[in-house]
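Pasted below: upload.tsv, TSV, C-alpha atoms.
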chain	number	residue	atom	x	y	z
A	125	MET	CA	67.30	144.62	111.36
A	126	ILE	CA	67.98	148.36	111.74
A	127	TYR	CA	71.62	147.63	112.58
A	128	LEU	CA	72.17	145.68	109.37
A	129	ARG	CA	70.53	148.46	107.37
A	130	LEU	CA	72.66	151.11	109.12
A	131	PHE	CA	75.83	149.17	108.35
A	132	TYR	CA	74.83	148.62	104.72
A	133	GLU	CA	73.80	152.22	104.03
A	134	PHE	CA	76.88	153.74	105.65
A	135	PHE	CA	79.12	151.15	104.00
A	136	LYS	CA	77.92	152.49	100.65
A	137	VAL	CA	78.55	156.06	101.78
A	138	GLY	CA	82.08	155.16	102.91
A	139	LEU	CA	82.79	153.22	99.73
A	140	PHE	CA	81.95	156.01	97.30
A	141	SER	CA	82.64	159.25	99.19
A	142	ILE	CA	86.26	159.66	98.17
A	143	GLY	CA	87.81	162.99	99.13
A	144	GLY	CA	87.08	163.49	102.81
A	145	GLY	CA	84.16	164.45	104.99
A	146	LEU	CA	82.63	167.01	102.65
A	147	ALA	CA	82.35	164.32	99.97
A	148	THR	CA	79.88	162.45	102.20
A	149	ILE	CA	77.30	165.26	102.09
A	150	PRO	CA	75.69	164.38	98.72
A	151	PHE	CA	75.47	160.73	99.76
A	152	LEU	CA	73.96	161.66	103.12
A	153	THR	CA	71.45	163.95	101.42
A	154	ASP	CA	70.39	161.02	99.26
A	155	LEU	CA	70.34	158.71	102.28
A	156	GLY	CA	68.10	161.05	104.25
A	157	GLY	CA	65.71	161.41	101.32
A	158	ARG	CA	65.50	157.68	100.67
A	159	THR	CA	65.23	156.46	104.26
A	160	GLY	CA	63.59	159.37	106.06
A	161	TRP	CA	66.12	158.97	108.87
A	162	PHE	CA	66.80	162.72	108.92
A	163	THR	CA	65.56	165.84	107.18
A	164	ALA	CA	67.58	168.40	105.23
A	165	GLY	CA	67.45	170.72	108.27
A	166	GLU	CA	68.76	167.99	110.54
A	167	LEU	CA	71.52	167.28	108.02
A	168	ALA	CA	72.53	170.96	108.13
A	169	ASN	CA	72.67	170.77	111.93
A	170	MET	CA	74.75	167.57	111.74
A	171	ILE	CA	77.20	169.26	109.39
A	172	ALA	CA	77.55	172.24	111.73
A	173	VAL	CA	78.09	170.03	114.78
A	174	SER	CA	80.46	167.69	112.91
A	175	GLU	CA	82.58	170.62	111.70
A	176	SER	CA	82.91	171.97	115.23
A	177	THR	CA	83.76	168.71	117.00
A	178	PRO	CA	86.99	166.71	116.85
A	179	GLY	CA	87.22	163.88	114.39
A	180	PRO	CA	86.39	163.33	110.74
A	181	MET	CA	83.09	164.87	109.69
A	182	GLY	CA	81.76	161.73	107.99
A	183	VAL	CA	82.45	159.60	111.05
A	184	ASN	CA	80.81	162.13	113.36
A	185	MET	CA	77.72	162.22	111.17
A	186	ALA	CA	77.49	158.43	110.88
A	187	THR	CA	77.80	158.12	114.65
A	188	TYR	CA	75.10	160.73	115.19
A	189	VAL	CA	72.61	159.11	112.79
A	190	GLY	CA	73.33	155.63	114.14
A	191	PHE	CA	72.92	156.79	117.72
A	192	HIS	CA	69.70	158.63	116.85
A	193	LEU	CA	68.22	155.48	115.30
A	194	GLY	CA	69.66	152.68	117.42
A	195	GLY	CA	71.31	154.10	120.52
A	196	ILE	CA	74.95	153.31	121.30
A	197	PRO	CA	74.99	150.05	119.30
A	198	GLY	CA	73.51	151.92	116.32
A	199	GLY	CA	76.22	154.58	116.56
A	200	VAL	CA	78.93	151.93	116.63
A	201	VAL	CA	77.42	149.96	113.73
A	202	ALA	CA	76.95	153.04	111.51
A	203	THR	CA	80.50	154.19	112.23
A	204	LEU	CA	81.89	150.74	111.44
A	205	GLY	CA	79.89	150.71	108.23
A	206	LEU	CA	81.40	154.02	107.16
A	207	ILE	CA	85.03	153.16	107.93
A	208	THR	CA	85.06	149.51	106.79
A	209	PRO	CA	85.57	150.32	103.07
A	210	SER	CA	88.59	152.49	103.90
A	211	ILE	CA	90.08	149.78	106.08
A	212	LEU	CA	89.62	147.18	103.33
A	213	VAL	CA	91.19	149.43	100.69
A	214	ILE	CA	94.15	150.19	102.95
A	215	LEU	CA	94.70	146.48	103.66
A	216	ILE	CA	94.65	145.69	99.94
A	217	ILE	CA	97.10	148.49	99.14
A	218	ALA	CA	99.34	147.47	102.05
A	219	GLY	CA	99.53	143.95	100.60
A	220	PHE	CA	100.81	145.31	97.29
A	221	LEU	CA	103.18	147.75	98.95
A	222	LYS	CA	104.81	144.98	100.96
A	223	GLU	CA	105.62	143.17	97.74
A	224	PHE	CA	107.03	146.32	96.16
A	225	ARG	CA	108.85	147.35	99.32
A	226	GLU	CA	111.09	144.29	99.10
A	227	SER	CA	112.21	145.32	95.61
A	228	ARG	CA	115.77	146.61	95.22
A	229	ALA	CA	114.58	149.36	92.90
A	230	VAL	CA	112.07	150.61	95.48
A	231	ASP	CA	114.78	150.47	98.17
A	232	ALA	CA	117.02	152.59	95.95
A	233	VAL	CA	114.23	155.15	95.42
A	234	PHE	CA	113.56	155.42	99.16
A	235	TYR	CA	117.32	155.71	99.81
A	236	GLY	CA	117.47	158.59	97.33
A	237	LEU	CA	114.48	160.30	98.92
A	238	ARG	CA	116.12	160.51	102.36
A	239	PRO	CA	118.51	163.36	101.54
A	240	ALA	CA	115.79	165.18	99.61
A	241	SER	CA	113.39	165.04	102.56
A	242	THR	CA	116.19	166.11	104.91
A	243	ALA	CA	116.93	169.07	102.66
A	244	LEU	CA	113.25	170.05	102.55
A	245	ILE	CA	113.04	169.97	106.35
A	246	ALA	CA	116.25	172.00	106.65
A	247	ALA	CA	114.95	174.56	104.13
A	248	ALA	CA	111.72	174.87	106.10
A	249	LEU	CA	113.71	175.38	109.31
A	250	LEU	CA	115.81	178.12	107.73
A	251	GLU	CA	112.72	179.84	106.34
A	252	VAL	CA	110.95	179.78	109.71
A	253	CYS	CA	114.07	181.06	111.49
A	254	SER	CA	114.44	183.83	108.93
A	255	ILE	CA	110.82	184.91	109.34
A	256	ALA	CA	110.87	184.74	113.14
A	257	LEU	CA	114.32	186.11	113.94
A	258	MET	CA	115.12	188.69	111.28
A	259	PHE	CA	113.70	192.01	110.09
A	260	HIS	CA	112.23	192.00	106.59
A	261	THR	CA	111.44	195.16	104.67
A	262	THR	CA	109.98	195.38	101.21
A	263	ALA	CA	110.89	199.03	100.53
A	264	GLY	CA	114.55	198.96	101.48
A	265	PRO	CA	116.13	199.71	104.88
A	266	GLU	CA	114.23	201.92	107.27
A	267	MET	CA	115.66	205.30	108.16
A	268	ALA	CA	116.80	205.74	111.72
A	269	PRO	CA	114.76	208.43	113.50
A	270	GLY	CA	116.28	211.92	113.21
A	271	SER	CA	119.02	211.03	110.73
A	272	TYR	CA	119.69	210.28	107.10
A	273	VAL	CA	121.47	207.02	107.91
A	274	PRO	CA	119.52	203.87	107.01
A	275	LYS	CA	118.60	201.58	109.88
A	276	THR	CA	120.91	198.59	109.49
A	277	GLU	CA	119.61	196.31	112.23
A	278	LEU	CA	119.12	192.89	110.70
A	279	PHE	CA	118.17	190.67	113.63
A	280	TYR	CA	115.10	190.87	115.86
A	281	TRP	CA	116.83	190.51	119.22
A	282	PRO	CA	113.79	189.92	121.48
A	283	ALA	CA	112.80	186.89	119.38
A	284	ILE	CA	116.39	185.61	119.38
A	285	ALA	CA	116.54	185.96	123.18
A	286	LEU	CA	113.27	184.05	123.54
A	287	ALA	CA	114.52	181.30	121.18
A	288	ALA	CA	117.75	181.01	123.18
A	289	ALA	CA	115.79	180.82	126.45
A	290	VAL	CA	113.57	178.05	125.06
A	291	PHE	CA	116.62	176.17	123.74
A	292	LEU	CA	118.34	176.36	127.13
A	293	ALA	CA	115.14	175.44	128.99
A	294	LEU	CA	114.69	172.34	126.89
A	295	ARG	CA	118.12	171.11	127.96
A	296	GLU	CA	116.80	170.75	131.52
A	297	LYS	CA	115.61	167.19	132.13
A	298	HIS	CA	112.68	168.11	134.37
A	299	LEU	CA	111.34	170.55	131.77
A	300	LYS	CA	111.47	167.91	129.03
A	301	LYS	CA	108.81	165.95	130.92
A	302	LEU	CA	106.27	168.78	130.71
A	303	HIS	CA	103.37	168.47	128.29
A	304	PRO	CA	103.81	170.43	125.03
A	305	ILE	CA	100.72	172.51	125.81
A	306	VAL	CA	102.70	174.12	128.64
A	307	PHE	CA	105.27	175.40	126.15
A	308	ILE	CA	102.54	176.57	123.78
A	309	ALA	CA	100.82	178.49	126.58
A	310	ALA	CA	104.13	179.98	127.78
A	311	SER	CA	104.94	181.08	124.22
A	312	ALA	CA	101.52	182.71	123.89
A	313	VAL	CA	102.05	184.62	127.13
A	314	ALA	CA	105.57	185.69	126.11
A	315	GLY	CA	104.29	186.81	122.71
A	316	ALA	CA	101.49	188.84	124.32
A	317	VAL	CA	103.74	190.40	126.93
A	318	PHE	CA	106.67	191.23	124.67
A	319	GLN	CA	104.58	191.61	121.47
A	320	LEU	CA	106.92	189.45	119.49
What is this file in structure tokens?
Amino acid sequence: MIYLRLFYEFFKVGLFSIGGGLATIPFLTDLGGRTGWFTAGELANMIAVSESTPGPMGVNMATYVGFHLGGIPGGVVATLGLITPSILVILIIAGFLKEFRESRAVDAVFYGLRPASTALIAAALLEVCSIALMFHTTAGPEMAPGSYVPKTELFYWPAIALAAAVFLALREKHLKKLHPIVFIAASAVAGAVFQL
């Protein structure tokens, strides 16, 4: 009987807590007060743990309460109760979208959005390259030490050298097979060593 109650209570939480994990907190406060499954202090601990662990906060909290009350099956049932409303809503919306997706007007809209999204990605790339590879001053060009001639260096050459090295390294087939975390760690080390 506890499993049915867990599913029902967390189904209601999942159905009405629109807006992410933080939106579940008022519903969970009410749930704890009505059922006595957890106190306000335990809820605060659940929020802290859920915020510091991977995964959506509402799902983490449902799993914790379900496990606390009914072991592993309780954790599974409470989690399923919380996510079932979202799954149902997505399935309903997907049914309507399939109908609209076959429309010529919708096809034309999506066709028109392709160049716009490509332009947005290209603009983001240019902005990131500008920030990472060029000097930016807000008060005009810096003065070169010991002279009255403004410093005219535009590019940040150590960053450009690192970008070129990464580009060339990624052309090697055996390096392409490495996990992305290797490149992230190597970039962190290079940034620390060269203070890029």
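For Pro197 in chain A, the non-local neighbours within 12 Å, defined as residues at least 3 positions apart in the same chain or in other chains and counting only C-alpha atoms, are Ile126, Tyr127, Leu128, Leu130, Phe131, Thr187, Tyr188, Val189, Gly190, Phe191, His192, Leu193, Gly194, Val200, Val201, Ala202, Thr203 and Leu204 of chain A.
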- Determine the nearest neighbour of Glu175 in chain A from the options A:Leu206, A:Leu155, A:Ala287, A:Leu146, counting all atoms listed in the file. A:Leu146
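Every protein, DNA or RNA residue with an atom at most 6 Å from Met258 in chain A, where all atoms listed in the file count and chain neighbours fewer than 3 positions away do not, is listed here: Ser254, Leu278, Phe279 and Tyr280 of chain A.
Closest to Phe134 in chain A among A:Gly160, A:Pro150, A:Pro209, A:Pro304 is A:Pro209, based on all atoms listed in the file.
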- Message: Neighbouring residues of range 138-142 of chain A were defined as those with any atom within 8 Å, considering all atoms listed in the file; residues of the same chain fewer than 4 positions away were excluded. Please report them as an NGL selection string.
- Response: :A and (134 or 147-148 or 151 or 205-210)
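One distance worth recording is that between CA of Leu249 in chain A and CA of Val230 in chain A, which is 28.4 Å.
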Grab all the atoms of range 215-231 of chain A that the file lists, wrap them in a box along x, y and z, add 8 Å per side, and give me centre plus edge lengths in Å (one decimal) as AutoDock Vina command-line options.
--center_x 105.2 --center_y 146.9 --center_z 98.3 --size_x 37.1 --size_y 23.4 --size_z 26.8
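Straight-line separation from CA of Gly179 in chain A to CA of Gly198 in chain A: 18.3 Å.
Across the structure, CA of Leu299 in chain A and CA of Glu251 in chain A are spaced 27.1 Å apart.
Residues lying within 9 Å of range 307-316 of chain A, counting only C-alpha atoms and ignoring same-chain neighbours fewer than 4 positions away, are Leu286, Val290, Leu302, His303 and Leu320 of chain A.
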Would you fill the gaps in range 234-245 of chain A so it has all heavy atoms, then print it as a PDB file, keeping the file's coordinate frame?
ATOM      1  N   PHE A 234     113.715 154.903  97.795  1.00  0.00           N
ATOM      2  CA  PHE A 234     113.560 155.420  99.160  1.00  0.00           C
ATOM      3  C   PHE A 234     114.894 155.924  99.709  1.00  0.00           C
ATOM      4  O   PHE A 234     114.931 156.914 100.433  1.00  0.00           O
ATOM      5  CB  PHE A 234     112.986 154.341 100.084  1.00  0.00           C
ATOM      6  CG  PHE A 234     111.499 154.201  99.966  1.00  0.00           C
ATOM      7  CD1 PHE A 234     110.928 153.035  99.506  1.00  0.00           C
ATOM      8  CD2 PHE A 234     110.660 155.253 100.312  1.00  0.00           C
ATOM      9  CE1 PHE A 234     109.556 152.907  99.394  1.00  0.00           C
ATOM     10  CE2 PHE A 234     109.290 155.142 100.204  1.00  0.00           C
ATOM     11  CZ  PHE A 234     108.738 153.959  99.738  1.00  0.00           C
ATOM     12  N   TYR A 235     115.997 155.251  99.368  1.00  0.00           N
ATOM     13  CA  TYR A 235     117.320 155.710  99.810  1.00  0.00           C
ATOM     14  C   TYR A 235     117.628 157.082  99.220  1.00  0.00           C
ATOM     15  O   TYR A 235     118.172 157.950  99.895  1.00  0.00           O
ATOM     16  CB  TYR A 235     118.384 154.688  99.406  1.00  0.00           C
ATOM     17  CG  TYR A 235     119.744 155.025  99.921  1.00  0.00           C
ATOM     18  CD1 TYR A 235     120.080 154.796 101.251  1.00  0.00           C
ATOM     19  CD2 TYR A 235     120.717 155.577  99.086  1.00  0.00           C
ATOM     20  CE1 TYR A 235     121.339 155.111 101.744  1.00  0.00           C
ATOM     21  CE2 TYR A 235     121.974 155.892  99.560  1.00  0.00           C
ATOM     22  CZ  TYR A 235     122.278 155.658 100.884  1.00  0.00           C
ATOM     23  OH  TYR A 235     123.518 155.969 101.364  1.00  0.00           O
ATOM     24  N   GLY A 236     117.245 157.290  97.971  1.00  0.00           N
ATOM     25  CA  GLY A 236     117.470 158.590  97.330  1.00  0.00           C
ATOM     26  C   GLY A 236     116.563 159.684  97.870  1.00  0.00           C
ATOM     27  O   GLY A 236     116.919 160.860  97.833  1.00  0.00           O
ATOM     28  N   LEU A 237     115.400 159.306  98.391  1.00  0.00           N
ATOM     29  CA  LEU A 237     114.480 160.300  98.920  1.00  0.00           C
ATOM     30  C   LEU A 237     114.899 160.823 100.292  1.00  0.00           C
ATOM     31  O   LEU A 237     114.484 161.911 100.683  1.00  0.00           O
ATOM     32  CB  LEU A 237     113.067 159.711  99.010  1.00  0.00           C
ATOM     33  CG  LEU A 237     112.346 159.523  97.686  1.00  0.00           C
ATOM     34  CD1 LEU A 237     111.021 158.812  97.905  1.00  0.00           C
ATOM     35  CD2 LEU A 237     112.123 160.848  96.988  1.00  0.00           C
ATOM     36  N   ARG A 238     115.707 160.076 101.014  1.00  0.00           N
ATOM     37  CA  ARG A 238     116.120 160.510 102.360  1.00  0.00           C
ATOM     38  C   ARG A 238     116.820 161.856 102.342  1.00  0.00           C
ATOM     39  O   ARG A 238     116.442 162.759 103.095  1.00  0.00           O
ATOM     40  CB  ARG A 238     116.992 159.444 103.005  1.00  0.00           C
ATOM     41  CG  ARG A 238     116.236 158.229 103.432  1.00  0.00           C
ATOM     42  CD  ARG A 238     117.162 157.211 104.051  1.00  0.00           C
ATOM     43  NE  ARG A 238     116.496 155.919 104.157  1.00  0.00           N
ATOM     44  CZ  ARG A 238     117.103 154.780 104.307  1.00  0.00           C
ATOM     45  NH1 ARG A 238     118.429 154.741 104.365  1.00  0.00           N
ATOM     46  NH2 ARG A 238     116.432 153.656 104.396  1.00  0.00           N
ATOM     47  N   PRO A 239     117.864 162.043 101.528  1.00  0.00           N
ATOM     48  CA  PRO A 239     118.510 163.360 101.540  1.00  0.00           C
ATOM     49  C   PRO A 239     117.590 164.473 101.046  1.00  0.00           C
ATOM     50  O   PRO A 239     117.666 165.606 101.530  1.00  0.00           O
ATOM     51  CB  PRO A 239     119.724 163.201 100.612  1.00  0.00           C
ATOM     52  CG  PRO A 239     119.662 161.857 100.034  1.00  0.00           C
ATOM     53  CD  PRO A 239     118.571 161.096 100.687  1.00  0.00           C
ATOM     54  N   ALA A 240     116.717 164.154 100.107  1.00  0.00           N
ATOM     55  CA  ALA A 240     115.790 165.180  99.610  1.00  0.00           C
ATOM     56  C   ALA A 240     114.841 165.617 100.718  1.00  0.00           C
ATOM     57  O   ALA A 240     114.585 166.814 100.891  1.00  0.00           O
ATOM     58  CB  ALA A 240     115.010 164.637  98.415  1.00  0.00           C
ATOM     59  N   SER A 241     114.308 164.658 101.478  1.00  0.00           N
ATOM     60  CA  SER A 241     113.390 165.040 102.560  1.00  0.00           C
ATOM     61  C   SER A 241     114.137 165.781 103.656  1.00  0.00           C
ATOM     62  O   SER A 241     113.607 166.723 104.248  1.00  0.00           O
ATOM     63  CB  SER A 241     112.668 163.811 103.112  1.00  0.00           C
ATOM     64  OG  SER A 241     113.580 162.909 103.676  1.00  0.00           O
ATOM     65  N   THR A 242     115.388 165.389 103.918  1.00  0.00           N
ATOM     66  CA  THR A 242     116.190 166.110 104.910  1.00  0.00           C
ATOM     67  C   THR A 242     116.433 167.548 104.459  1.00  0.00           C
ATOM     68  O   THR A 242     116.334 168.483 105.253  1.00  0.00           O
ATOM     69  CB  THR A 242     117.539 165.393 105.122  1.00  0.00           C
ATOM     70  OG1 THR A 242     117.286 164.047 105.529  1.00  0.00           O
ATOM     71  CG2 THR A 242     118.382 166.083 106.170  1.00  0.00           C
ATOM     72  N   ALA A 243     116.710 167.724 103.179  1.00  0.00           N
ATOM     73  CA  ALA A 243     116.930 169.070 102.660  1.00  0.00           C
ATOM     74  C   ALA A 243     115.660 169.916 102.737  1.00  0.00           C
ATOM     75  O   ALA A 243     115.716 171.107 103.065  1.00  0.00           O
ATOM     76  CB  ALA A 243     117.431 168.995 101.219  1.00  0.00           C
ATOM     77  N   LEU A 244     114.511 169.319 102.464  1.00  0.00           N
ATOM     78  CA  LEU A 244     113.250 170.050 102.550  1.00  0.00           C
ATOM     79  C   LEU A 244     112.971 170.495 103.985  1.00  0.00           C
ATOM     80  O   LEU A 244     112.515 171.618 104.232  1.00  0.00           O
ATOM     81  CB  LEU A 244     112.097 169.206 102.023  1.00  0.00           C
ATOM     82  CG  LEU A 244     112.069 169.004 100.514  1.00  0.00           C
ATOM     83  CD1 LEU A 244     111.017 167.984 100.137  1.00  0.00           C
ATOM     84  CD2 LEU A 244     111.800 170.328  99.822  1.00  0.00           C
ATOM     85  N   ILE A 245     113.247 169.615 104.935  1.00  0.00           N
ATOM     86  CA  ILE A 245     113.040 169.970 106.350  1.00  0.00           C
ATOM     87  C   ILE A 245     113.998 171.077 106.758  1.00  0.00           C
ATOM     88  O   ILE A 245     113.621 172.028 107.445  1.00  0.00           O
ATOM     89  CB  ILE A 245     113.201 168.724 107.240  1.00  0.00           C
ATOM     90  CG1 ILE A 245     112.056 167.742 106.961  1.00  0.00           C
ATOM     91  CG2 ILE A 245     113.231 169.099 108.715  1.00  0.00           C
ATOM     92  CD1 ILE A 245     112.249 166.380 107.578  1.00  0.00           C
TER      93      ILE A 245
END
